[in-house]
Amino acid sequence: MIDIQNLTKRFDGVTVVNDVSFQVQAGEVLGFLGPNGAGKSTTMKMLAGFLEPTAGQIQIFGQDVVRDRLAVQQRIGYLPEGAPAYDDMRVGQYLQFMAQMRGLSGERLRERLRYVVDLVDIGAVLEQRIQTLSKGFKRRVGLAQTLVHDPQVLILDEPTDGLDPNQKHQVRQLIRQLSADKIVIISTHILEEVAAVCSRAVIIAGGRLVADSRPHELEQRSRYYGAISVRLQQPVADLEPALLAVSGVEQVEMLEPDQAYVLLPQPQAQLYAPLTELIERQGWVVDTLHMERGRLDDVFQQLTQQEVA
Amino acid sequence: MSWVICKRELNAYFATPVAYVFIFMFLALAGVFTFYLGQFYQRGQADLVAFFNFHPWLYLFFMPAVAMGLWSQERQLGTIEMLLTLPVSITQAVLGKFLAAWLFAGIALLLTFPIWLTVNYLGDPDNGVIIASYLGSWLMAGAFLAVGSCMSVLSRNQIVAFILAVVVCFVLMVSGLSIVLDALRGWAPAAVVDVVAGLSFLTRFEALSRGVIDVRDVGYFVLLMGVFLAATVQLLNIKKSA
C-alpha cells in the first residue's frame, strides 16, 4: 500500500505540489491526471525517490521513501517521462544492467530477462542499440526495465505519450494485465486512457488535489452525464424550442440547425422516455439517438480551470 | 553495485570510436612531448623523467575530457532519473563512475608501455623508479578525474563541464609555479605561500615523477580525490532535495 501524507514540493519558493494526500491499495490502477505543469511528474519523481519532498511524507508498504530509500526502490519499477535509457547500449545489455542493479543474478536473472522480453515482445531487437529503436520499441524497453525485478509497485510517467494508437493499445493491455497483483500508478493527460485502464482517477491542478474517485463517478459529474444526442433524418422547423420543452431538459446544444441537438438534463432527470414520446407523437424519423456517458474532458476542464481561476 | 556501474561506464567509453581516438591522441601527444619537448635522446639518460614531466600538462586537457560526460550526460539524457531511482546509494554511483574513468585513464597510461620498452632497450634504467612513477602518475590522474566528476554535476552541457574542470585543474596546478609564488611572496606571509605551493599538483607530482613515493604526496592526491568525490555526492544530494 502507498500512503501519501501532505506531500509538498517547492522549487526556489515556487510551490509545485501543494499538500497532496491519498492512498493507493494493491490491485488498483491509479490514473494520475492533470494539465501540463500541474505537478504530476514532480509527484511521481518523489514517489520514486528521485526528489525529496519539501514537506509531508510518502510510505510504501510501511517504509518511508526518504529514510528507507534503497529498500523502497527495490520494490518499485519506475519509468520516467520520455523513457530515457542509455542510448549507446544494446537492448539486452541494458536490461541485464538494470536487472543486476536490482540485485538479480544467475539463473533468476536469465529467467526474468526471458520473461520480460517475452512479455513486451522485444526479442527481435535484443542486439540493437537503443538509439536505433523506434519510439514504440524504446518505450517497450523502458517498460521491460521497470518489470525485470517483479516489483510490487509500478510508477509510469506518461507511458503512452507519443505512441501511435496501436502501440497505445498494446501498452494499455499490458498495464491491465500487470495490475492484478501490483499497485500501478500512471500519469497521463489523455482522458480516454483513464477510462480504459484505471480503476481510480486522481486529478491535480496547480499542485493541488482536486478530485479523487472512480472514472465512472467522474463522468457523472459531467453536465453531459445522462445527456442524449439526437439527429433526425430531415430538418424540422422550430425543433429547438420543441426539444427545450421536453420535461427535465436543462439546456440544448445545437449540432446541426433544426436537425441535430444534444439535450442536457437537469440534475437527476431522465430524458429518454419523454424524448422518445415526443418523437413518436410528432412522427419524426430518427437518424441516430444515443445516451452520453458523461465526458471526462468536460469534468477535467471544469475541475482544473476552477483551480487556476 | 559500484562495480556494476563501473563496468557499464567502462563499456560505454568503448562503445564509440571516441575512446580509441582519444587514446591514440593521448599516446601521440605523450610521444611528442617526450621526444621533442623533453629531448629524450639529447638528455642521454636511461630514465623516463622527460616522459613523466609532461603528464600534468597532458592531463590538464585529457582528464577533464574523460570525466566531462560522467554526470552531465546522465542529466542531458535524463538517465540520471533511472540511475538514482535504482536501489543504489549516491556514493556508490559516484564511486562506480569515477572508478570507470580512472580505469580508462589507467588503460591509456598502460598503453604508453612502448616508451618503457624503448628506454630498456637503449639503456639500463631503474625499473623500480619507473613503476613508482607510473603509479604516481595514475594517482594524479585520479585527482584530475575527481575534479572533473565534480564539475560534471554542475552542468548538463559536457563542454561547460569540460571547461570548468580545466579551469579548476589549472588553478590547482599553477599554484605551484614560481611565477605565482613569487607574486605572493611580495605581500603574503610565508605560511600562506607554503600552503599555496603545497596545494599544487606540480609540486606534489615532482617527487612522485622521480619515483620517490612520499606518504604526504600520496596522501595529498588521495585527499584531493576524496574531497572532490565527496563534493560530487553532496552536489547530487542538493539537487535531489532542492
# chains A, B, ... in the order shown; residues from 1 in each chain; ligands from 1
$ interface_residues --of "chain A" --to "chain B" --cutoff "6 Å" --atoms "only C-alpha atoms" --output "VMD selection string"
chain A and resid 50 to 52 70 73 to 74 84 to 85
$ residues_around --residues "B:Ile23" --least-positions-apart "5" --cutoff "12 Å" --atoms "only C-alpha atoms" --output "list of chain:residue names"
B:Tyr13, B:Phe14, B:Pro17, B:Val18, B:Ala28, B:Leu29, B:Ala30, B:Phe62, B:Met63, B:Ala65, B:Val66, B:Phe104, B:Ala105, B:Gly106, B:Ile107, B:Ala108, B:Leu109, B:Leu110, B:Leu111, B:Thr112
$ select_by_dssp --residues "stretch 73-177 of chain B" --states "helix (DSSP H, G or I)" --output "PyMOL selection string"
chain B and resi 73-77+80-83+90-110+113-122+127-154+158-174
$ residues_around --residues "B:Val119" --least-positions-apart "4" --cutoff "7 Å" --atoms "only C-alpha atoms" --output "list in words"
Ala46, Asp47, Ile115, Gly123 and Pro125 of chain B
$ residues_around --residues "stretch 121-135 of chain A" --least-positions-apart "5" --cutoff "6 Å" --atoms "only C-alpha atoms" --output "count of residues only"
6
$ residues_around --residues "B:Gly148" --least-positions-apart "4" --cutoff "12 Å" --atoms "only C-alpha atoms" --output "VMD selection string"
chain B and resid 59 to 72 94 97 to 98 101 to 102 141 to 144 152 to 155 158 to 170 224 to 225 228 to 229 231 to 232
$ write_last_selection --atoms "N, CA and C atoms" --output "compact mmCIF listing (two decimals), in the first residue's frame"
# COMPACT_ATOMS: atom_id res chain seq x y z
N TYR B 59 47.48 15.84 -18.76
CA TYR B 59 46.25 15.52 -18.04
C TYR B 59 45.31 16.72 -17.94
N LEU B 60 45.90 17.91 -17.95
CA LEU B 60 45.09 19.12 -17.79
C LEU B 60 43.95 19.15 -18.81
N PHE B 61 44.21 18.65 -20.01
CA PHE B 61 43.15 18.64 -21.02
C PHE B 61 42.51 17.26 -21.21
N PHE B 62 43.31 16.21 -21.03
CA PHE B 62 42.75 14.89 -21.29
C PHE B 62 41.81 14.42 -20.18
N MET B 63 42.17 14.62 -18.95
CA MET B 63 41.34 14.07 -17.87
C MET B 63 39.97 14.76 -17.78
N PRO B 64 39.91 16.10 -17.91
CA PRO B 64 38.57 16.72 -17.94
C PRO B 64 37.72 16.17 -19.09
N ALA B 65 38.37 15.82 -20.21
CA ALA B 65 37.61 15.26 -21.33
C ALA B 65 37.07 13.87 -20.99
N VAL B 66 37.84 13.10 -20.24
CA VAL B 66 37.38 11.77 -19.85
C VAL B 66 36.21 11.88 -18.87
N ALA B 67 36.29 12.88 -17.98
CA ALA B 67 35.30 12.96 -16.89
C ALA B 67 34.07 13.79 -17.24
N MET B 68 34.16 14.59 -18.31
CA MET B 68 33.10 15.59 -18.54
C MET B 68 31.71 14.97 -18.69
N GLY B 69 31.65 13.76 -19.25
CA GLY B 69 30.35 13.17 -19.50
C GLY B 69 29.76 12.43 -18.31
N LEU B 70 30.57 12.20 -17.28
CA LEU B 70 30.15 11.30 -16.20
C LEU B 70 28.75 11.60 -15.70
N TRP B 71 28.49 12.87 -15.38
CA TRP B 71 27.17 13.22 -14.86
C TRP B 71 26.38 14.11 -15.81
N SER B 72 27.08 14.99 -16.54
CA SER B 72 26.34 15.91 -17.40
C SER B 72 25.56 15.12 -18.46
N VAL B 94 28.55 7.46 -7.53
CA VAL B 94 29.68 8.36 -7.79
C VAL B 94 30.98 7.56 -7.88
N LYS B 97 31.20 5.38 -11.16
CA LYS B 97 31.51 6.16 -12.35
C LYS B 97 32.95 6.64 -12.33
N PHE B 98 33.37 7.13 -11.17
CA PHE B 98 34.74 7.61 -11.06
C PHE B 98 35.73 6.49 -11.36
N ALA B 101 36.20 5.89 -15.00
CA ALA B 101 37.04 6.91 -15.63
C ALA B 101 38.51 6.68 -15.26
N TRP B 102 38.73 6.30 -14.01
CA TRP B 102 40.10 6.11 -13.54
C TRP B 102 40.74 4.89 -14.22
N ALA B 141 46.26 11.35 -12.04
CA ALA B 141 45.14 11.29 -12.99
C ALA B 141 43.82 11.18 -12.21
N GLY B 142 43.83 10.37 -11.15
CA GLY B 142 42.64 10.20 -10.32
C GLY B 142 42.17 11.53 -9.73
N ALA B 143 43.14 12.34 -9.29
CA ALA B 143 42.78 13.64 -8.71
C ALA B 143 42.14 14.53 -9.77
N PHE B 144 42.75 14.56 -10.95
CA PHE B 144 42.16 15.34 -12.05
C PHE B 144 40.73 14.87 -12.35
N SER B 152 31.29 17.95 -13.54
CA SER B 152 30.32 17.36 -14.46
C SER B 152 28.90 17.39 -13.89
N VAL B 153 28.80 17.47 -12.57
CA VAL B 153 27.46 17.54 -11.96
C VAL B 153 26.86 18.93 -12.18
N LEU B 154 27.76 19.92 -12.36
CA LEU B 154 27.29 21.30 -12.35
C LEU B 154 26.54 21.70 -13.62
N SER B 155 26.78 21.03 -14.72
CA SER B 155 26.12 21.44 -15.95
C SER B 155 25.65 20.22 -16.73
N GLN B 158 28.19 19.10 -21.62
CA GLN B 158 29.51 18.49 -21.40
C GLN B 158 30.64 19.48 -21.62
N ILE B 159 30.46 20.38 -22.58
CA ILE B 159 31.52 21.35 -22.89
C ILE B 159 31.74 22.28 -21.69
N VAL B 160 30.63 22.71 -21.11
CA VAL B 160 30.74 23.57 -19.93
C VAL B 160 31.46 22.82 -18.81
N ALA B 161 31.06 21.56 -18.61
CA ALA B 161 31.70 20.74 -17.58
C ALA B 161 33.21 20.62 -17.86
N PHE B 162 33.55 20.45 -19.11
CA PHE B 162 34.96 20.31 -19.50
C PHE B 162 35.73 21.59 -19.15
N ILE B 163 35.18 22.73 -19.54
CA ILE B 163 35.89 23.99 -19.32
C ILE B 163 36.05 24.27 -17.82
N LEU B 164 34.97 24.03 -17.08
CA LEU B 164 35.05 24.23 -15.62
C LEU B 164 36.16 23.37 -15.02
N ALA B 165 36.22 22.12 -15.46
CA ALA B 165 37.22 21.21 -14.91
C ALA B 165 38.62 21.66 -15.28
N VAL B 166 38.81 22.11 -16.53
CA VAL B 166 40.14 22.59 -16.94
C VAL B 166 40.55 23.78 -16.08
N VAL B 167 39.60 24.69 -15.85
CA VAL B 167 39.92 25.88 -15.07
C VAL B 167 40.34 25.51 -13.64
N VAL B 168 39.54 24.66 -13.00
CA VAL B 168 39.85 24.28 -11.62
C VAL B 168 41.19 23.53 -11.56
N CYS B 169 41.38 22.61 -12.49
CA CYS B 169 42.65 21.86 -12.51
C CYS B 169 43.83 22.80 -12.77
N PHE B 170 43.60 23.76 -13.64
CA PHE B 170 44.68 24.71 -13.96
C PHE B 170 45.08 25.50 -12.72
N LEU B 224 42.67 14.79 -2.12
CA LEU B 224 42.04 15.61 -3.14
C LEU B 224 40.91 14.83 -3.83
N MET B 225 41.20 13.57 -4.13
CA MET B 225 40.16 12.71 -4.73
C MET B 225 38.98 12.61 -3.80
N PHE B 228 36.92 15.95 -3.65
CA PHE B 228 36.10 16.25 -4.83
C PHE B 228 35.01 15.20 -5.06
N LEU B 229 35.27 13.95 -4.70
CA LEU B 229 34.21 12.95 -4.84
C LEU B 229 33.11 13.19 -3.81
N ALA B 231 32.36 16.06 -2.66
CA ALA B 231 31.64 17.23 -3.17
C ALA B 231 30.65 16.81 -4.26
N THR B 232 31.06 15.85 -5.09
CA THR B 232 30.16 15.34 -6.13
C THR B 232 28.90 14.76 -5.49
$ closest_residue --among "A:Glu253, A:Asp12, A:Asp157, A:Asp212" --to "A:Glu81" --atoms "only C-alpha atoms"
A:Asp157
$ atom_distance --atom1 "atom CA of A:Leu30" --atom2 "atom CA of A:Met98"
25.1 Å
$ residues_around --residues "stretch 184-197 of chain B" --least-positions-apart "4" --cutoff "12 Å" --atoms "only C-alpha atoms" --output "ChimeraX atom specification"
/B:171-180,201-205
$ residues_around --residues "A:Tyr115" --least-positions-apart "4" --cutoff "12 Å" --atoms "only C-alpha atoms" --output "PyMOL selection string"
chain A and resi 95+108-111+119-123+144-145+147-150
$ closest_residue --among "A:Thr15, A:Thr54, A:Gln59, A:Ser21" --to "A:Met1" --atoms "only C-alpha atoms"
A:Gln59
$ atom_distance --atom1 "atom CA of A:Ser213" --atom2 "atom CA of A:Gln167"
27.3 Å
$ closest_residue --among "A:Arg114, A:Arg221, A:Arg69, A:Lys40" --to "A:Gly206" --atoms "only C-alpha atoms"
A:Lys40
$ select_by_dssp --residues "stretch 197-258 of chain A" --states "strand (DSSP E or B)" --output "VMD selection string"
chain A and resid 200 to 205 208 to 213 228 to 232 249 to 256
